[in-house]
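Asks: For reference, the structure I am asking about is given below.
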Amino acid sequence: MASHKLADEPGKVLRSNSGKVVVSDGPYSETKEWLGGSYLIEAPNYKAAVEVSRGCPTLEHGGTIELRELDARVNAASANK
């Protein structure tokens with residue numbers, strides 16, 4: 001399993017509301033919630049990442065998806081070691 005520092009920005013949250021996907025800024029998972037897994041996707045921006053994530057079955061079952069950008073500076077420095 002790899003680890004990556006997340007960028008210091010709010011990201012996006014996707015939830016299903018009456019069959020429609022609602023996208024908002026934060027809030028993030030609370031400590032009482034569980035992390036069910038993670039995916040690393042490549043997208044040029046949040047808009048493209050949201051479109052890719054809309055098809056995730058997690059949303060159909062009441063789950064929440066958080067989209068976060070990786071910190072490019074820290075991760076690039078780690079890759080060069």
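Each chain of the structure tokens is named A, B, ... in the order shown, its residues numbered from 1; ligands are numbered from 1 in display order.
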Pick out the residues sitting within 12 Å of A:Ser18, and hand them over as a list in words; count only C-alpha atoms, and ignore anything fewer than 6 positions along from it in its own chain.

Replies: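 In the requested format, the answer is Leu59, Glu60, His61 and Gly62 of chain A.
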
Asks: Which residues are near stretch 55-57 of chain A? Cut-off 10 Å, only C-alpha atoms, ignore same chain within fewer than 6 positions. Put them as an MDAnalysis selection string.

Replies: chainID A and resid 21 63 65

Asks: Skip A:Val52 itself and residues of its chain fewer than 5 positions away, then list as a list of chain:residue names all residues within 12 Å of it, counting only C-alpha atoms.

Replies: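 Residues near the query, excluding close chain neighbours: A:Leu14, A:Tyr39, A:Leu40, A:Ile41, A:Glu42, A:Ala43, A:Pro44, A:Asn45, A:Tyr46, A:Lys47, A:Pro57, A:Ile65, A:Leu67.
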
Asks: Using DSSP on the backbone coordinates, identify the residues of stretch 21-66 of chain A assigned to helix (DSSP H, G or I); present them as a list in words.

Replies: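 Written out, the helix (DSSP H, G or I) residues of stretch 21-66 of chain A are Tyr46, Lys47, Ala48, Ala49, Val50, Glu51, Val52, Ser53, Pro57, Thr58, Leu59, Glu60 and His61 of chain A.
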